[in-house]
$ cat work_29.pdb   # PDB, C-alpha atoms
ATOM      1  CA  MET W 184     -33.557   2.102  29.411  1.00  0.00           C
ATOM      2  CA  LYS W 185     -33.138   4.777  32.036  1.00  0.00           C
ATOM      3  CA  ILE W 186     -30.071   7.048  31.825  1.00  0.00           C
ATOM      4  CA  GLU W 187     -27.954   6.836  34.981  1.00  0.00           C
ATOM      5  CA  ASN W 188     -25.272   9.352  33.953  1.00  0.00           C
ATOM      6  CA  GLN W 189     -24.373  11.389  30.896  1.00  0.00           C
ATOM      7  CA  VAL W 190     -22.025  13.981  29.473  1.00  0.00           C
ATOM      8  CA  ALA W 191     -21.857  15.918  26.207  1.00  0.00           C
ATOM      9  CA  LEU W 192     -18.760  17.441  24.644  1.00  0.00           C
ATOM     10  CA  GLU W 193     -18.595  19.678  21.581  1.00  0.00           C
ATOM     11  CA  PHE W 194     -15.350  20.397  19.783  1.00  0.00           C
ATOM     12  CA  PRO W 195     -14.011  21.593  16.416  1.00  0.00           C
ATOM     13  CA  SER W 196     -13.259  19.014  13.722  1.00  0.00           C
ATOM     14  CA  ARG W 197      -9.496  19.263  14.181  1.00  0.00           C
ATOM     15  CA  SER W 198      -7.551  15.998  14.032  1.00  0.00           C
ATOM     16  CA  ALA W 199      -5.929  16.807  17.392  1.00  0.00           C
ATOM     17  CA  ASN W 200      -9.343  16.418  19.033  1.00  0.00           C
ATOM     18  CA  GLU W 201      -9.676  12.750  18.060  1.00  0.00           C
ATOM     19  CA  GLY W 202      -7.310  11.761  20.884  1.00  0.00           C
ATOM     20  CA  PHE W 203      -9.203  13.964  23.312  1.00  0.00           C
ATOM     21  CA  ALA W 204     -12.520  12.333  22.365  1.00  0.00           C
ATOM     22  CA  ARG W 205     -11.249   8.786  22.764  1.00  0.00           C
ATOM     23  CA  THR W 206      -9.651   9.578  26.126  1.00  0.00           C
ATOM     24  CA  ALA W 207     -12.790  11.342  27.370  1.00  0.00           C
ATOM     25  CA  ALA W 208     -14.886   8.317  26.399  1.00  0.00           C
ATOM     26  CA  ALA W 209     -12.507   5.948  28.201  1.00  0.00           C
ATOM     27  CA  CYS W 210     -12.526   8.116  31.338  1.00  0.00           C
ATOM     28  CA  PHE W 211     -16.323   8.311  31.346  1.00  0.00           C
ATOM     29  CA  ALA W 212     -16.625   4.540  30.812  1.00  0.00           C
ATOM     30  CA  ALA W 213     -14.264   3.897  33.749  1.00  0.00           C
ATOM     31  CA  GLN W 214     -17.160   4.267  36.209  1.00  0.00           C
ATOM     32  CA  LEU W 215     -18.508   0.960  34.828  1.00  0.00           C
ATOM     33  CA  ASP W 216     -15.212  -0.768  35.761  1.00  0.00           C
ATOM     34  CA  PRO W 217     -14.515  -2.133  32.263  1.00  0.00           C
ATOM     35  CA  THR W 218     -11.691  -4.518  31.500  1.00  0.00           C
ATOM     36  CA  LEU W 219      -8.643  -3.156  29.674  1.00  0.00           C
ATOM     37  CA  GLU W 220      -9.892  -4.891  26.511  1.00  0.00           C
ATOM     38  CA  GLU W 221     -13.285  -3.185  26.825  1.00  0.00           C
ATOM     39  CA  VAL W 222     -11.616   0.212  27.313  1.00  0.00           C
ATOM     40  CA  ASN W 223      -9.482  -0.330  24.217  1.00  0.00           C
ATOM     41  CA  ASP W 224     -12.539  -1.369  22.191  1.00  0.00           C
ATOM     42  CA  ILE W 225     -14.409   1.778  23.287  1.00  0.00           C
ATOM     43  CA  LYS W 226     -11.441   4.001  22.452  1.00  0.00           C
ATOM     44  CA  THR W 227     -11.066   2.409  19.020  1.00  0.00           C
ATOM     45  CA  ALA W 228     -14.751   2.784  18.140  1.00  0.00           C
ATOM     46  CA  VAL W 229     -14.820   6.437  19.268  1.00  0.00           C
ATOM     47  CA  SER W 230     -11.625   7.120  17.356  1.00  0.00           C
ATOM     48  CA  GLU W 231     -13.145   5.722  14.165  1.00  0.00           C
ATOM     49  CA  ALA W 232     -16.396   7.664  14.530  1.00  0.00           C
ATOM     50  CA  VAL W 233     -14.675  10.967  15.309  1.00  0.00           C
ATOM     51  CA  THR W 234     -12.085  10.486  12.563  1.00  0.00           C
ATOM     52  CA  ASN W 235     -14.891   9.842  10.058  1.00  0.00           C
ATOM     53  CA  ALA W 236     -16.507  13.128  11.082  1.00  0.00           C
ATOM     54  CA  ILE W 237     -13.226  15.034  10.830  1.00  0.00           C
ATOM     55  CA  VAL W 238     -12.212  13.584   7.459  1.00  0.00           C
ATOM     56  CA  HIS W 239     -15.517  13.117   5.652  1.00  0.00           C
ATOM     57  CA  ALA W 240     -18.036  15.529   7.177  1.00  0.00           C
ATOM     58  CA  TYR W 241     -15.908  18.632   6.769  1.00  0.00           C
ATOM     59  CA  PRO W 242     -13.451  17.905   3.939  1.00  0.00           C
ATOM     60  CA  ASP W 243     -12.620  21.543   3.196  1.00  0.00           C
ATOM     61  CA  THR W 244     -13.547  23.405   6.374  1.00  0.00           C
ATOM     62  CA  LEU W 245     -13.705  23.201  10.143  1.00  0.00           C
ATOM     63  CA  GLY W 246     -17.008  22.230  11.652  1.00  0.00           C
ATOM     64  CA  LYS W 247     -18.283  21.025  14.985  1.00  0.00           C
ATOM     65  CA  ILE W 248     -18.569  17.529  16.390  1.00  0.00           C
ATOM     66  CA  LEU W 249     -20.752  16.525  19.318  1.00  0.00           C
ATOM     67  CA  LEU W 250     -19.817  13.533  21.482  1.00  0.00           C
ATOM     68  CA  LYS W 251     -22.517  12.314  23.866  1.00  0.00           C
ATOM     69  CA  LEU W 252     -21.751   9.605  26.383  1.00  0.00           C
ATOM     70  CA  ARG W 253     -24.476   7.950  28.431  1.00  0.00           C
ATOM     71  CA  ILE W 254     -24.586   5.163  30.942  1.00  0.00           C
ATOM     72  CA  ARG W 255     -27.911   3.390  30.851  1.00  0.00           C
ATOM     73  CA  GLU W 256     -29.228   1.128  33.571  1.00  0.00           C
ATOM     74  CA  GLY W 257     -27.851  -2.362  33.350  1.00  0.00           C
ATOM     75  CA  GLY W 258     -24.315  -1.180  32.563  1.00  0.00           C
ATOM     76  CA  THR W 259     -24.709  -0.181  28.917  1.00  0.00           C
ATOM     77  CA  LEU W 260     -22.468   2.576  27.595  1.00  0.00           C
ATOM     78  CA  GLU W 261     -24.082   4.547  24.770  1.00  0.00           C
ATOM     79  CA  ILE W 262     -21.912   6.720  22.535  1.00  0.00           C
ATOM     80  CA  VAL W 263     -23.273   9.262  20.057  1.00  0.00           C
ATOM     81  CA  VAL W 264     -21.033  11.099  17.581  1.00  0.00           C
ATOM     82  CA  LYS W 265     -22.816  13.800  15.604  1.00  0.00           C
ATOM     83  CA  ASP W 266     -21.691  16.237  12.943  1.00  0.00           C
ATOM     84  CA  TRP W 267     -23.440  18.824  10.798  1.00  0.00           C
ATOM     85  CA  GLY W 268     -21.318  18.235   7.711  1.00  0.00           C
ATOM     86  CA  VAL W 269     -21.912  17.027   4.167  1.00  0.00           C
ATOM     87  CA  GLY W 270     -23.755  13.863   5.214  1.00  0.00           C
ATOM     88  CA  ILE W 271     -23.775  10.434   3.600  1.00  0.00           C
ATOM     89  CA  ALA W 272     -25.764   9.926   0.410  1.00  0.00           C
ATOM     90  CA  ASP W 273     -26.019   6.129   0.794  1.00  0.00           C
ATOM     91  CA  VAL W 274     -25.498   4.852   4.355  1.00  0.00           C
ATOM     92  CA  GLU W 275     -25.743   1.189   3.334  1.00  0.00           C
ATOM     93  CA  GLN W 276     -22.959   1.647   0.778  1.00  0.00           C
ATOM     94  CA  ALA W 277     -20.858   3.623   3.266  1.00  0.00           C
ATOM     95  CA  ARG W 278     -21.105   0.716   5.730  1.00  0.00           C
ATOM     96  CA  THR W 279     -19.704  -1.695   3.132  1.00  0.00           C
ATOM     97  CA  PRO W 280     -16.144  -2.777   4.038  1.00  0.00           C
ATOM     98  CA  LEU W 281     -13.448  -1.017   1.978  1.00  0.00           C
ATOM     99  CA  PHE W 282     -15.811   1.687   0.654  1.00  0.00           C
ATOM    100  CA  THR W 283     -14.445   5.195   1.173  1.00  0.00           C
ATOM    101  CA  THR W 284     -15.042   8.685  -0.130  1.00  0.00           C
ATOM    102  CA  GLY W 285     -11.599   9.666   1.135  1.00  0.00           C
ATOM    103  CA  ASN W 286      -8.228   9.470  -0.563  1.00  0.00           C
ATOM    104  CA  GLU W 287      -6.034   6.393  -0.984  1.00  0.00           C
ATOM    105  CA  GLU W 288      -4.860   6.716   2.637  1.00  0.00           C
ATOM    106  CA  ARG W 289      -8.375   5.838   3.890  1.00  0.00           C
ATOM    107  CA  SER W 290      -9.090   2.127   4.411  1.00  0.00           C
ATOM    108  CA  GLY W 291     -12.884   2.241   4.207  1.00  0.00           C
ATOM    109  CA  MET W 292     -13.121   0.117   7.355  1.00  0.00           C
ATOM    110  CA  GLY W 293     -14.375   2.692   9.894  1.00  0.00           C
ATOM    111  CA  PHE W 294     -17.969   1.481  10.228  1.00  0.00           C
ATOM    112  CA  THR W 295     -16.846  -2.166  10.107  1.00  0.00           C
ATOM    113  CA  ILE W 296     -14.409  -1.547  12.963  1.00  0.00           C
ATOM    114  CA  MET W 297     -17.042   0.293  15.024  1.00  0.00           C
ATOM    115  CA  GLU W 298     -19.491  -2.541  14.476  1.00  0.00           C
ATOM    116  CA  SER W 299     -16.947  -5.182  15.509  1.00  0.00           C
ATOM    117  CA  PHE W 300     -16.092  -3.449  18.809  1.00  0.00           C
ATOM    118  CA  MET W 301     -19.611  -2.411  19.846  1.00  0.00           C
ATOM    119  CA  ASP W 302     -22.774  -4.414  20.524  1.00  0.00           C
ATOM    120  CA  THR W 303     -24.882  -2.124  18.331  1.00  0.00           C
ATOM    121  CA  LEU W 304     -24.191   0.496  15.667  1.00  0.00           C
ATOM    122  CA  LYS W 305     -26.754   2.799  14.056  1.00  0.00           C
ATOM    123  CA  VAL W 306     -25.950   5.381  11.398  1.00  0.00           C
ATOM    124  CA  ARG W 307     -28.398   8.105  10.391  1.00  0.00           C
ATOM    125  CA  SER W 308     -27.662  10.711   7.765  1.00  0.00           C
ATOM    126  CA  ALA W 309     -29.163  13.182   5.366  1.00  0.00           C
ATOM    127  CA  PRO W 310     -27.021  14.715   2.615  1.00  0.00           C
ATOM    128  CA  GLY W 311     -26.055  18.241   3.560  1.00  0.00           C
ATOM    129  CA  ARG W 312     -27.325  17.825   7.133  1.00  0.00           C
ATOM    130  CA  GLY W 313     -24.701  15.644   8.782  1.00  0.00           C
ATOM    131  CA  VAL W 314     -24.392  12.221  10.355  1.00  0.00           C
ATOM    132  CA  VAL W 315     -25.375  10.725  13.700  1.00  0.00           C
ATOM    133  CA  VAL W 316     -23.542   7.560  14.747  1.00  0.00           C
ATOM    134  CA  THR W 317     -24.975   5.791  17.808  1.00  0.00           C
ATOM    135  CA  MET W 318     -23.077   2.898  19.360  1.00  0.00           C
ATOM    136  CA  ALA W 319     -23.687   0.874  22.509  1.00  0.00           C
ATOM    137  CA  ARG W 320     -21.651  -1.613  24.514  1.00  0.00           C
ATOM    138  CA  LYS W 321     -22.751  -3.532  27.593  1.00  0.00           C
ATOM    139  CA  ILE W 322     -20.061  -3.638  30.249  1.00  0.00           C
ATOM    140  CA  SER W 323     -20.538  -6.742  32.344  1.00  0.00           C
ATOM    141  CA  ARG W 324     -19.977  -6.661  36.066  1.00  0.00           C
ATOM    142  CA  ARG W 325     -16.811  -8.521  36.950  1.00  0.00           C
ATOM    143  CA  ALA W 326     -16.804 -11.214  39.604  1.00  0.00           C
ATOM    144  CA  GLY W 327     -15.861  -9.959  43.047  1.00  0.00           C
ATOM    145  CA  ARG W 328     -16.931  -6.355  42.409  1.00  0.00           C
TER     146      ARG W 328
END
$ encode --input "work_29.pdb" --output "structure tokens"
Amino acid sequence: MKIENQVALEFPSRSANEGFARTAAACFAAQLDPTLEEVNDIKTAVSEAVTNAIVHAYPDTLGKILLKLRIREGGTLEIVVKDWGVGIADVEQARTPLFTTGNEERSGMGFTIMESFMDTLKVRSAPGRGVVVTMARKISRRAGR
């Protein structure tokens, strides 16, 4: 599908930047005229992906996170969250609900939440080389617009 618009943002893996990323994604998605529910779903999915990168990719250091947002023809919002951190040894296991490599404060539901709020979710990783999470959500045209 042809890209109609896109933006890329790179920021340090500081927890304060999670809110920035989710707000930036919501603002970018606004050009598709999403419903409030769709905006909240997008913000939640981005929050989970960015938080995973902050917490798991760089457990003992600051690193960089790349957020790419694209609007593809037909009204599909594509979101890519990339890090260059420790990577995921077993992506299938990491996508299992309740699995976490974090401490007891982590729920292990990040990928499950992303998957439930997006139409598609792809996770690519190589240990020691980072993770790329690609999500997409079709935003339907509302009647009367």
$ residues_around --input "work_29.pdb" --residues "Ala228 of chain W" --least-positions-apart "5" --cutoff "9 Å" --atoms "all atoms listed in the file" --output "PyMOL selection string"
chain W and resi 205+223+233+293-294+296-301+318
$ atom_distance --input "work_29.pdb" --atom1 "atom CA of Ile254 of chain W" --atom2 "atom CA of Asp266 of chain W"
21.3 Å
$ resolve_selection --input "work_29.pdb" --expression "the PyMOL selection byres ((chain W and resi 241) around 10)" --output "PyMOL selection string"
chain W and resi 196-197+235-240+242-247+266-270+313
$ closest_residue --input "work_29.pdb" --among "W:Glu275, W:Leu192, W:Leu260, W:Phe203" --to "Pro217 of chain W" --atoms "only C-alpha atoms"
W:Leu260
$ atom_distance --input "work_29.pdb" --atom1 "atom CA of Thr303 of chain W" --atom2 "atom CA of Ile225 of chain W"
12.2 Å
